[in-house]
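A.B. asks: Just work12.txt, nothing more (compact mmCIF, N, CA and C atoms and all ligand atoms):
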# COMPACT_ATOMS: atom_id res chain seq x y z
N MET A 1 65.89 60.41 -2.25
CA MET A 1 66.07 61.72 -2.90
C MET A 1 64.88 61.98 -3.82
N ARG A 2 64.33 63.17 -3.73
CA ARG A 2 63.14 63.50 -4.49
C ARG A 2 63.53 63.98 -5.89
N HIS A 3 62.90 63.43 -6.89
CA HIS A 3 63.20 63.84 -8.26
C HIS A 3 62.05 64.66 -8.81
N ASP A 4 62.24 65.97 -8.94
CA ASP A 4 61.19 66.78 -9.56
C ASP A 4 61.54 67.11 -11.00
N VAL A 5 62.71 66.71 -11.45
CA VAL A 5 63.02 66.76 -12.87
C VAL A 5 63.64 65.41 -13.20
N THR A 6 63.69 65.07 -14.46
CA THR A 6 64.29 63.81 -14.85
C THR A 6 65.73 64.04 -15.27
N PRO A 7 66.69 63.57 -14.48
CA PRO A 7 68.09 63.76 -14.87
C PRO A 7 68.46 62.88 -16.05
N GLU A 8 69.45 63.34 -16.79
CA GLU A 8 69.91 62.59 -17.97
C GLU A 8 70.45 61.22 -17.59
N ILE A 9 71.18 61.16 -16.48
CA ILE A 9 71.74 59.90 -16.03
C ILE A 9 70.93 59.39 -14.86
N GLN A 10 70.36 58.21 -15.01
CA GLN A 10 69.57 57.62 -13.95
C GLN A 10 70.08 56.22 -13.66
N LYS A 11 70.32 55.94 -12.40
CA LYS A 11 70.71 54.60 -11.97
C LYS A 11 69.91 54.28 -10.73
N THR A 12 69.83 53.01 -10.42
CA THR A 12 69.15 52.66 -9.17
C THR A 12 70.06 53.04 -8.01
N GLU A 13 69.48 53.24 -6.84
CA GLU A 13 70.30 53.57 -5.69
C GLU A 13 71.28 52.43 -5.38
N GLU A 14 70.88 51.20 -5.67
CA GLU A 14 71.81 50.07 -5.48
C GLU A 14 73.03 50.20 -6.38
N GLN A 15 72.79 50.62 -7.64
CA GLN A 15 73.92 50.82 -8.56
C GLN A 15 74.84 51.92 -8.06
N TRP A 16 74.25 53.04 -7.66
CA TRP A 16 75.07 54.14 -7.14
C TRP A 16 75.88 53.68 -5.93
N LYS A 17 75.24 52.95 -5.05
CA LYS A 17 75.91 52.50 -3.82
C LYS A 17 77.13 51.65 -4.16
N THR A 18 76.97 50.77 -5.13
CA THR A 18 78.06 49.90 -5.53
C THR A 18 79.19 50.70 -6.18
N GLU A 19 78.81 51.64 -7.06
CA GLU A 19 79.83 52.40 -7.79
C GLU A 19 80.58 53.39 -6.90
N LEU A 20 79.86 54.02 -6.00
CA LEU A 20 80.45 55.14 -5.27
C LEU A 20 81.11 54.73 -3.96
N GLY A 21 80.68 53.61 -3.40
CA GLY A 21 81.14 53.25 -2.06
C GLY A 21 80.35 54.04 -1.03
N PRO A 22 80.35 53.55 0.21
CA PRO A 22 79.45 54.11 1.22
C PRO A 22 79.67 55.59 1.53
N GLU A 23 80.93 56.02 1.57
CA GLU A 23 81.21 57.39 1.98
C GLU A 23 80.72 58.40 0.94
N ARG A 24 81.08 58.16 -0.31
CA ARG A 24 80.65 59.08 -1.37
C ARG A 24 79.16 58.93 -1.64
N TYR A 25 78.64 57.73 -1.50
CA TYR A 25 77.20 57.53 -1.68
C TYR A 25 76.42 58.40 -0.71
N HIS A 26 76.85 58.41 0.52
CA HIS A 26 76.13 59.19 1.54
C HIS A 26 76.08 60.67 1.17
N ILE A 27 77.16 61.20 0.69
CA ILE A 27 77.19 62.63 0.36
C ILE A 27 76.45 62.89 -0.96
N LEU A 28 76.80 62.16 -1.99
CA LEU A 28 76.26 62.44 -3.32
C LEU A 28 74.78 62.07 -3.45
N ARG A 29 74.37 61.00 -2.82
CA ARG A 29 73.01 60.50 -3.06
C ARG A 29 72.08 60.70 -1.86
N GLU A 30 72.65 60.98 -0.69
CA GLU A 30 71.81 61.22 0.48
C GLU A 30 72.01 62.63 1.02
N ALA A 31 72.64 63.49 0.21
CA ALA A 31 72.86 64.89 0.58
C ALA A 31 73.59 65.03 1.90
N GLY A 32 74.58 64.17 2.10
CA GLY A 32 75.40 64.28 3.30
C GLY A 32 76.41 65.42 3.16
N THR A 33 77.07 65.73 4.25
CA THR A 33 78.12 66.75 4.24
C THR A 33 79.35 66.16 4.90
N GLU A 34 80.49 66.26 4.23
CA GLU A 34 81.72 65.77 4.84
C GLU A 34 82.12 66.72 5.98
N ALA A 35 82.85 66.19 6.93
CA ALA A 35 83.34 67.04 8.01
C ALA A 35 84.28 68.10 7.43
N PRO A 36 84.22 69.33 7.94
CA PRO A 36 85.07 70.39 7.39
C PRO A 36 86.55 70.03 7.52
N PHE A 37 87.33 70.51 6.58
CA PHE A 37 88.79 70.33 6.56
C PHE A 37 89.21 68.87 6.41
N THR A 38 88.33 68.01 5.90
CA THR A 38 88.69 66.60 5.71
C THR A 38 88.77 66.21 4.24
N GLY A 39 88.41 67.09 3.35
CA GLY A 39 88.34 66.71 1.94
C GLY A 39 89.69 66.79 1.26
N SER A 40 89.94 65.86 0.35
CA SER A 40 91.25 65.81 -0.31
C SER A 40 91.44 66.94 -1.32
N LEU A 41 90.38 67.61 -1.72
CA LEU A 41 90.52 68.66 -2.74
C LEU A 41 90.56 70.06 -2.15
N LEU A 42 90.48 70.13 -0.83
CA LEU A 42 90.39 71.44 -0.18
C LEU A 42 91.57 72.35 -0.56
N ASN A 43 92.77 71.79 -0.51
CA ASN A 43 93.95 72.63 -0.72
C ASN A 43 94.59 72.46 -2.09
N VAL A 44 93.87 71.88 -3.01
CA VAL A 44 94.40 71.73 -4.37
C VAL A 44 94.47 73.11 -5.03
N ARG A 45 95.65 73.44 -5.56
CA ARG A 45 95.84 74.75 -6.19
C ARG A 45 96.16 74.61 -7.69
N ASP A 46 96.28 73.39 -8.16
CA ASP A 46 96.69 73.16 -9.54
C ASP A 46 95.61 73.59 -10.52
N ASP A 47 96.03 73.86 -11.76
CA ASP A 47 95.08 74.18 -12.82
C ASP A 47 94.35 72.91 -13.23
N GLY A 48 93.07 73.03 -13.41
CA GLY A 48 92.33 71.86 -13.87
C GLY A 48 90.84 72.05 -13.70
N THR A 49 90.15 70.94 -13.85
CA THR A 49 88.69 70.95 -13.85
C THR A 49 88.18 70.02 -12.76
N TYR A 50 87.15 70.46 -12.09
CA TYR A 50 86.49 69.66 -11.06
C TYR A 50 85.21 69.09 -11.67
N VAL A 51 85.15 67.77 -11.70
CA VAL A 51 84.00 67.11 -12.32
C VAL A 51 83.16 66.40 -11.26
N CYS A 52 81.94 66.12 -11.60
CA CYS A 52 81.03 65.41 -10.70
C CYS A 52 81.61 64.05 -10.33
N GLY A 53 81.63 63.75 -9.03
CA GLY A 53 82.16 62.48 -8.57
C GLY A 53 81.28 61.29 -8.92
N ALA A 54 80.05 61.56 -9.31
CA ALA A 54 79.14 60.48 -9.67
C ALA A 54 79.08 60.25 -11.18
N CYS A 55 79.07 61.32 -11.98
CA CYS A 55 78.85 61.13 -13.43
C CYS A 55 79.94 61.75 -14.30
N GLY A 56 80.86 62.53 -13.73
CA GLY A 56 81.96 63.08 -14.51
C GLY A 56 81.64 64.38 -15.24
N SER A 57 80.46 64.93 -15.06
CA SER A 57 80.11 66.19 -15.71
C SER A 57 81.04 67.30 -15.21
N GLU A 58 81.49 68.17 -16.12
CA GLU A 58 82.40 69.26 -15.73
C GLU A 58 81.64 70.34 -14.99
N LEU A 59 82.07 70.63 -13.76
CA LEU A 59 81.29 71.51 -12.90
C LEU A 59 82.00 72.81 -12.55
N PHE A 60 83.26 72.73 -12.16
CA PHE A 60 83.99 73.92 -11.72
C PHE A 60 85.41 73.86 -12.30
N THR A 61 86.03 75.04 -12.42
CA THR A 61 87.43 75.05 -12.83
C THR A 61 88.28 75.70 -11.74
N SER A 62 89.57 75.45 -11.83
CA SER A 62 90.49 75.99 -10.83
C SER A 62 90.47 77.52 -10.82
N ASP A 63 90.13 78.15 -11.95
CA ASP A 63 90.06 79.62 -12.00
C ASP A 63 89.09 80.19 -10.98
N ALA A 64 88.03 79.44 -10.70
CA ALA A 64 86.97 79.94 -9.82
C ALA A 64 87.18 79.52 -8.36
N LYS A 65 88.22 78.72 -8.10
CA LYS A 65 88.44 78.22 -6.73
C LYS A 65 89.12 79.29 -5.89
N PHE A 66 88.71 79.43 -4.67
CA PHE A 66 89.35 80.39 -3.79
C PHE A 66 89.38 79.86 -2.36
N GLU A 67 90.21 80.45 -1.55
CA GLU A 67 90.34 80.02 -0.15
C GLU A 67 89.31 80.74 0.69
N SER A 68 88.30 79.99 1.13
CA SER A 68 87.21 80.61 1.89
C SER A 68 87.39 80.42 3.39
N HIS A 69 88.34 79.56 3.79
CA HIS A 69 88.57 79.22 5.20
C HIS A 69 87.35 78.57 5.86
N CYS A 70 86.43 78.05 5.05
CA CYS A 70 85.24 77.42 5.64
C CYS A 70 85.41 75.91 5.79
N GLY A 71 86.46 75.34 5.20
CA GLY A 71 86.71 73.92 5.38
C GLY A 71 86.25 73.04 4.24
N TRP A 72 85.63 73.66 3.21
CA TRP A 72 85.22 72.92 2.02
C TRP A 72 85.74 73.65 0.78
N PRO A 73 86.00 72.90 -0.28
CA PRO A 73 86.39 73.57 -1.53
C PRO A 73 85.33 74.60 -1.92
N SER A 74 85.78 75.80 -2.27
CA SER A 74 84.86 76.90 -2.55
C SER A 74 85.15 77.52 -3.90
N PHE A 75 84.09 77.83 -4.60
CA PHE A 75 84.20 78.36 -5.96
C PHE A 75 83.29 79.58 -6.07
N THR A 76 83.72 80.55 -6.87
CA THR A 76 82.90 81.74 -7.06
C THR A 76 81.71 81.46 -7.98
N ARG A 77 81.88 80.48 -8.87
CA ARG A 77 80.81 80.19 -9.83
C ARG A 77 81.07 78.83 -10.46
N PRO A 78 80.00 78.20 -10.98
CA PRO A 78 80.21 76.98 -11.76
C PRO A 78 80.77 77.33 -13.13
N GLU A 79 81.42 76.38 -13.76
CA GLU A 79 81.96 76.63 -15.09
C GLU A 79 80.82 76.95 -16.06
N GLN A 80 79.75 76.18 -15.99
CA GLN A 80 78.56 76.43 -16.80
C GLN A 80 77.37 76.37 -15.87
N GLN A 81 76.62 77.46 -15.80
CA GLN A 81 75.43 77.47 -14.93
C GLN A 81 74.50 76.31 -15.27
N GLN A 82 74.47 75.95 -16.54
CA GLN A 82 73.52 74.92 -16.97
C GLN A 82 73.90 73.52 -16.48
N ASN A 83 75.12 73.37 -15.96
CA ASN A 83 75.53 72.05 -15.49
C ASN A 83 75.18 71.79 -14.03
N VAL A 84 74.67 72.81 -13.35
CA VAL A 84 74.24 72.61 -11.97
C VAL A 84 72.77 73.00 -11.83
N ARG A 85 72.18 72.52 -10.76
CA ARG A 85 70.79 72.80 -10.47
C ARG A 85 70.73 73.27 -9.02
N LEU A 86 69.98 74.33 -8.79
CA LEU A 86 69.87 74.90 -7.44
C LEU A 86 68.48 74.62 -6.89
N LEU A 87 68.43 74.20 -5.63
CA LEU A 87 67.15 73.86 -5.02
C LEU A 87 67.07 74.47 -3.62
N ASP A 88 65.89 74.87 -3.24
CA ASP A 88 65.67 75.29 -1.86
C ASP A 88 65.85 74.11 -0.92
N ASP A 89 66.54 74.32 0.15
CA ASP A 89 66.80 73.27 1.14
C ASP A 89 66.43 73.81 2.51
N HIS A 90 65.46 73.17 3.13
CA HIS A 90 65.01 73.63 4.46
C HIS A 90 65.44 72.66 5.55
N ALA A 91 66.41 71.80 5.27
CA ALA A 91 66.85 70.82 6.27
C ALA A 91 67.50 71.52 7.46
N PHE A 92 67.44 70.87 8.60
CA PHE A 92 68.10 71.34 9.83
C PHE A 92 67.61 72.72 10.27
N GLY A 93 66.35 73.06 9.94
CA GLY A 93 65.79 74.32 10.40
C GLY A 93 66.43 75.56 9.79
N MET A 94 67.17 75.36 8.67
CA MET A 94 67.81 76.49 8.00
C MET A 94 67.23 76.60 6.60
N HIS A 95 67.30 77.77 6.03
CA HIS A 95 66.99 77.88 4.62
C HIS A 95 68.28 78.09 3.87
N ARG A 96 68.66 77.07 3.10
CA ARG A 96 69.87 77.16 2.29
C ARG A 96 69.52 76.79 0.86
N THR A 97 70.46 77.03 -0.04
CA THR A 97 70.26 76.65 -1.43
C THR A 97 71.22 75.51 -1.74
N GLU A 98 70.63 74.37 -2.05
CA GLU A 98 71.40 73.18 -2.37
C GLU A 98 71.90 73.24 -3.81
N VAL A 99 73.09 72.71 -4.07
CA VAL A 99 73.64 72.62 -5.41
C VAL A 99 73.71 71.14 -5.79
N ARG A 100 73.11 70.83 -6.93
CA ARG A 100 73.19 69.46 -7.44
C ARG A 100 73.74 69.45 -8.85
N CYS A 101 74.31 68.32 -9.22
CA CYS A 101 74.72 68.10 -10.61
C CYS A 101 73.46 67.95 -11.45
N LYS A 102 73.38 68.74 -12.51
CA LYS A 102 72.20 68.69 -13.37
C LYS A 102 72.06 67.34 -14.06
N ARG A 103 73.21 66.77 -14.45
CA ARG A 103 73.14 65.56 -15.28
C ARG A 103 72.71 64.31 -14.52
N CYS A 104 73.12 64.19 -13.26
CA CYS A 104 72.79 62.95 -12.54
C CYS A 104 72.02 63.20 -11.25
N ASP A 105 71.75 64.46 -10.94
CA ASP A 105 70.96 64.83 -9.76
C ASP A 105 71.64 64.47 -8.45
N SER A 106 72.96 64.38 -8.47
CA SER A 106 73.67 64.09 -7.21
C SER A 106 73.94 65.38 -6.45
N HIS A 107 73.99 65.26 -5.14
CA HIS A 107 74.23 66.40 -4.25
C HIS A 107 75.70 66.81 -4.29
N LEU A 108 75.93 68.11 -4.40
CA LEU A 108 77.30 68.63 -4.44
C LEU A 108 77.63 69.43 -3.18
N GLY A 109 76.72 70.30 -2.79
CA GLY A 109 76.96 71.16 -1.63
C GLY A 109 75.90 72.24 -1.59
N HIS A 110 76.31 73.44 -1.14
CA HIS A 110 75.36 74.56 -1.05
C HIS A 110 76.00 75.81 -1.61
N VAL A 111 75.15 76.77 -1.97
CA VAL A 111 75.66 78.05 -2.44
C VAL A 111 75.19 79.14 -1.47
N PHE A 112 76.13 80.04 -1.16
CA PHE A 112 75.86 81.14 -0.24
C PHE A 112 76.14 82.46 -0.96
N ASP A 113 75.69 83.54 -0.35
CA ASP A 113 75.78 84.83 -1.05
C ASP A 113 76.90 85.72 -0.50
N ASP A 114 77.93 85.09 0.07
CA ASP A 114 79.03 85.87 0.64
C ASP A 114 80.35 85.65 -0.10
N GLY A 115 80.24 85.35 -1.38
CA GLY A 115 81.45 85.09 -2.17
C GLY A 115 82.16 86.38 -2.57
N PRO A 116 83.44 86.26 -2.94
CA PRO A 116 84.26 87.43 -3.24
C PRO A 116 84.16 87.92 -4.69
N GLY A 117 83.57 87.14 -5.57
CA GLY A 117 83.56 87.50 -6.99
C GLY A 117 82.46 88.48 -7.32
N PRO A 118 82.37 88.88 -8.58
CA PRO A 118 81.36 89.84 -9.01
C PRO A 118 79.92 89.33 -8.81
N ASP A 119 79.72 88.01 -8.85
CA ASP A 119 78.38 87.47 -8.64
C ASP A 119 78.02 87.39 -7.16
N GLY A 120 79.03 87.49 -6.30
CA GLY A 120 78.80 87.41 -4.85
C GLY A 120 78.47 86.02 -4.35
N THR A 121 78.63 85.02 -5.19
CA THR A 121 78.25 83.67 -4.77
C THR A 121 79.47 82.88 -4.30
N ARG A 122 79.23 82.03 -3.33
CA ARG A 122 80.24 81.08 -2.84
C ARG A 122 79.64 79.69 -2.93
N PHE A 123 80.15 78.91 -3.87
CA PHE A 123 79.71 77.53 -4.02
C PHE A 123 80.59 76.68 -3.10
N CYS A 124 79.97 76.18 -2.07
CA CYS A 124 80.66 75.44 -1.01
C CYS A 124 80.38 73.97 -1.26
N ILE A 125 81.40 73.25 -1.74
CA ILE A 125 81.17 71.94 -2.35
C ILE A 125 82.00 70.87 -1.63
N ASN A 126 81.40 69.73 -1.39
CA ASN A 126 82.12 68.62 -0.77
C ASN A 126 83.23 68.11 -1.69
N SER A 127 84.42 67.91 -1.13
CA SER A 127 85.49 67.25 -1.90
C SER A 127 85.03 65.90 -2.43
N ARG A 128 84.29 65.19 -1.61
CA ARG A 128 83.89 63.83 -1.99
C ARG A 128 82.80 63.81 -3.05
N SER A 129 82.26 64.98 -3.37
CA SER A 129 81.31 65.06 -4.49
C SER A 129 82.02 65.32 -5.81
N LEU A 130 83.33 65.55 -5.76
CA LEU A 130 84.08 65.97 -6.97
C LEU A 130 85.25 65.04 -7.24
N ASP A 131 85.66 65.03 -8.49
CA ASP A 131 86.97 64.49 -8.87
C ASP A 131 87.71 65.61 -9.56
N PHE A 132 89.02 65.67 -9.37
CA PHE A 132 89.83 66.71 -9.98
C PHE A 132 90.60 66.17 -11.16
N LYS A 133 90.48 66.87 -12.30
CA LYS A 133 91.22 66.49 -13.51
C LYS A 133 92.24 67.59 -13.80
N PRO A 134 93.52 67.34 -13.51
CA PRO A 134 94.53 68.38 -13.77
C PRO A 134 94.60 68.70 -15.26
N SER A 135 94.89 69.98 -15.57
CA SER A 135 95.07 70.37 -16.97
C SER A 135 96.28 69.64 -17.55
N GLU A 136 96.22 69.35 -18.83
CA GLU A 136 97.40 68.82 -19.52
C GLU A 136 98.45 69.91 -19.48
N SER A 137 99.68 69.57 -19.07
CA SER A 137 100.70 70.62 -19.03
C SER A 137 101.16 70.93 -20.45
N ALA A 138 101.36 72.22 -20.68
CA ALA A 138 101.66 72.67 -22.05
C ALA A 138 103.05 72.23 -22.48
FE FE A 201 76.76 64.24 -11.90
What does the file become when written as structure tokens?
Ligand code: FE
C.D. replies:
Amino acid sequence: MRHDVTPEIQKTEEQWKTELGPERYHILREAGTEAPFTGSLLNVRDDGTYVCGACGSELFTSDAKFESHCGWPSFTRPEQQQNVRLLDDHAFGMHRTEVRCKRCDSHLGHVFDDGPGPDGTRFCINSRSLDFKPSESA
């Protein structure tokens, strides 16, 4: 993975591999994509926060989650723009915009411009790049 900025959290790839396990390592650190409709967070409807699966940074909230029928958890926007980083991605002969966690530079997914919200963005994010923290019930 190419580092053109210095992320706050830096670990060796060996450390990441050990911590994340092979499946999450492939997605988070090698910019892999999980097969559609296979992620455990796809159909989560509960209130809560979606944090980075590698470093725990708060990335998305349930308020922004919507059903996109694309097979990956989809959000209209990140909770804080400053917690994600967008990069041009020319892999596979396509031009897409990659979404990474700002704090640890791990791969999350891609952002597209066909979202339903006022910003028009659809953040299409791998379940395996996220952990879900349910809200404390009142
Ligand atoms: Fe992270």
A.B. asks: Any idea what the distance is between atom CA of Gly39 of chain A and atom CA of Asp119 of chain A?
C.D. replies: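 According to the coordinates, atom CA of Gly39 of chain A and atom CA of Asp119 of chain A are separated by 25.3 Å.
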A.B. asks: Taking all atoms listed in the file into account, report as a PyMOL selection string which residues have an atom no farther than 7 Å from an atom of ligand FE 201 (chain A).
C.D. replies: chain A and resi 51-57+100-106
A.B. asks: Can I get the selection written as a tab-separated table (two decimals), in the coordinates of the input, with N, CA and C atoms?
C.D. replies:
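So result_26.tsv came out as:
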chain	number	residue	atom	x	y	z
A	51	VAL	N	85.15	67.77	-11.70
A	51	VAL	CA	84.00	67.11	-12.32
A	51	VAL	C	83.16	66.40	-11.26
A	52	CYS	N	81.94	66.12	-11.60
A	52	CYS	CA	81.03	65.41	-10.70
A	52	CYS	C	81.61	64.05	-10.33
A	53	GLY	N	81.63	63.75	-9.03
A	53	GLY	CA	82.16	62.48	-8.57
A	53	GLY	C	81.28	61.29	-8.92
A	54	ALA	N	80.05	61.56	-9.31
A	54	ALA	CA	79.14	60.48	-9.67
A	54	ALA	C	79.08	60.25	-11.18
A	55	CYS	N	79.07	61.32	-11.98
A	55	CYS	CA	78.85	61.13	-13.43
A	55	CYS	C	79.94	61.75	-14.30
A	56	GLY	N	80.86	62.53	-13.73
A	56	GLY	CA	81.96	63.08	-14.51
A	56	GLY	C	81.64	64.38	-15.24
A	57	SER	N	80.46	64.93	-15.06
A	57	SER	CA	80.11	66.19	-15.71
A	57	SER	C	81.04	67.30	-15.21
A	100	ARG	N	73.11	70.83	-6.93
A	100	ARG	CA	73.19	69.46	-7.44
A	100	ARG	C	73.74	69.45	-8.85
A	101	CYS	N	74.31	68.32	-9.22
A	101	CYS	CA	74.72	68.10	-10.61
A	101	CYS	C	73.46	67.95	-11.45
A	102	LYS	N	73.38	68.74	-12.51
A	102	LYS	CA	72.20	68.69	-13.37
A	102	LYS	C	72.06	67.34	-14.06
A	103	ARG	N	73.21	66.77	-14.45
A	103	ARG	CA	73.14	65.56	-15.28
A	103	ARG	C	72.71	64.31	-14.52
A	104	CYS	N	73.12	64.19	-13.26
A	104	CYS	CA	72.79	62.95	-12.54
A	104	CYS	C	72.02	63.20	-11.25
A	105	ASP	N	71.75	64.46	-10.94
A	105	ASP	CA	70.96	64.83	-9.76
A	105	ASP	C	71.64	64.47	-8.45
A	106	SER	N	72.96	64.38	-8.47
A	106	SER	CA	73.67	64.09	-7.21
A	106	SER	C	73.94	65.38	-6.45
A.B. asks: Given only N, CA and C atoms as the basis, pick out the residue of A:Phe66, A:Lys133, A:Gly115, A:His107 nearest to Glu30 of chain A.
C.D. replies: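 Smallest distance to Glu30 of chain A is found for A:His107.
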A.B. asks: Could you make a table, as a tab-separated table, of the residues of segment 9-46 of chain A that have an atom within 12 Å of an atom of segment 91-99 of chain A, each with its nearest atom pair and distance in Å to one decimal, counting only C-alpha atoms, in chain and number order?
C.D. replies:
residue	atom	partner	partner_atom	distance
A:Leu28	CA	A:Val99	CA	10.7
A:Ala31	CA	A:Glu98	CA	8.9
A:Gly32	CA	A:Ala91	CA	11.2
A:Thr33	CA	A:Glu98	CA	11.4
A.B. asks: Identify the residues within 6.5 Å of coordinate (75.2, 79.6, -1.1) (same frame as the file), considering all atoms listed in the file, and give the answer as a PDB file with N, CA and C atoms, in the frame of the given file.
C.D. replies:
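The file below, point_23.pdb, is the result:
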ATOM      1  N   THR A  97      70.460  77.030  -0.040  1.00  0.00           N
ATOM      2  CA  THR A  97      70.260  76.650  -1.430  1.00  0.00           C
ATOM      3  C   THR A  97      71.220  75.510  -1.740  1.00  0.00           C
ATOM      4  N   HIS A 110      76.310  73.440  -1.140  1.00  0.00           N
ATOM      5  CA  HIS A 110      75.360  74.560  -1.050  1.00  0.00           C
ATOM      6  C   HIS A 110      76.000  75.810  -1.610  1.00  0.00           C
ATOM      7  N   VAL A 111      75.150  76.770  -1.970  1.00  0.00           N
ATOM      8  CA  VAL A 111      75.660  78.050  -2.440  1.00  0.00           C
ATOM      9  C   VAL A 111      75.190  79.140  -1.470  1.00  0.00           C
ATOM     10  N   PHE A 112      76.130  80.040  -1.160  1.00  0.00           N
ATOM     11  CA  PHE A 112      75.860  81.140  -0.240  1.00  0.00           C
ATOM     12  C   PHE A 112      76.140  82.460  -0.960  1.00  0.00           C
ATOM     13  N   ASP A 113      75.690  83.540  -0.350  1.00  0.00           N
ATOM     14  CA  ASP A 113      75.780  84.830  -1.050  1.00  0.00           C
ATOM     15  C   ASP A 113      76.900  85.720  -0.500  1.00  0.00           C
ATOM     16  N   ASP A 114      77.930  85.090   0.070  1.00  0.00           N
ATOM     17  CA  ASP A 114      79.030  85.870   0.640  1.00  0.00           C
ATOM     18  C   ASP A 114      80.350  85.650  -0.100  1.00  0.00           C
ATOM     19  N   THR A 121      78.630  85.020  -5.190  1.00  0.00           N
ATOM     20  CA  THR A 121      78.250  83.670  -4.770  1.00  0.00           C
ATOM     21  C   THR A 121      79.470  82.880  -4.300  1.00  0.00           C
ATOM     22  N   ARG A 122      79.230  82.030  -3.330  1.00  0.00           N
ATOM     23  CA  ARG A 122      80.240  81.080  -2.840  1.00  0.00           C
ATOM     24  C   ARG A 122      79.640  79.690  -2.930  1.00  0.00           C
ATOM     25  N   PHE A 123      80.150  78.910  -3.870  1.00  0.00           N
ATOM     26  CA  PHE A 123      79.710  77.530  -4.020  1.00  0.00           C
ATOM     27  C   PHE A 123      80.590  76.680  -3.100  1.00  0.00           C
ATOM     28  N   CYS A 124      79.970  76.180  -2.070  1.00  0.00           N
ATOM     29  CA  CYS A 124      80.660  75.440  -1.010  1.00  0.00           C
ATOM     30  C   CYS A 124      80.380  73.970  -1.260  1.00  0.00           C
TER      31      CYS A 124
END
A.B. asks: Need the shell around segment 42-45 of chain A: protein/DNA/RNA residues with any atom at most 6 Å away, counting only N, CA and C atoms. Skip same-chain ones fewer than 5 positions apart. Format as a list of chain:residue names?
C.D. replies: A:Trp72, A:Pro73, A:Ser127
A.B. asks: Identify, on the basis of only C-alpha atoms, every residue whose closest approach to Glu58 of chain A does not exceed 9 Å; exclude the query and any residue fewer than 3 positions from it along the same chain; express the result as a list in words.
C.D. replies: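 Selected residues are Thr49, Tyr50, Val51, Cys52, Thr61, Pro78, Glu79, Gln80 and Asn83 of chain A.
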A.B. asks: Can you work out the spacing between atom C of Glu136 of chain A and atom N of Gln81 of chain A in Å, to one decimal?
C.D. replies: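 About the pair atom C of Glu136 of chain A and atom N of Gln81 of chain A: they are 23.4 Å apart.
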A.B. asks: Would you please give, as a PyMOL selection string, all residues of chain A that DSSP assigns to strand (DSSP E or B) based on the backbone?
C.D. replies: chain A and resi 48-52+58-61+65-66+74-75+84-89+96-101+107-112+122-125+130-134
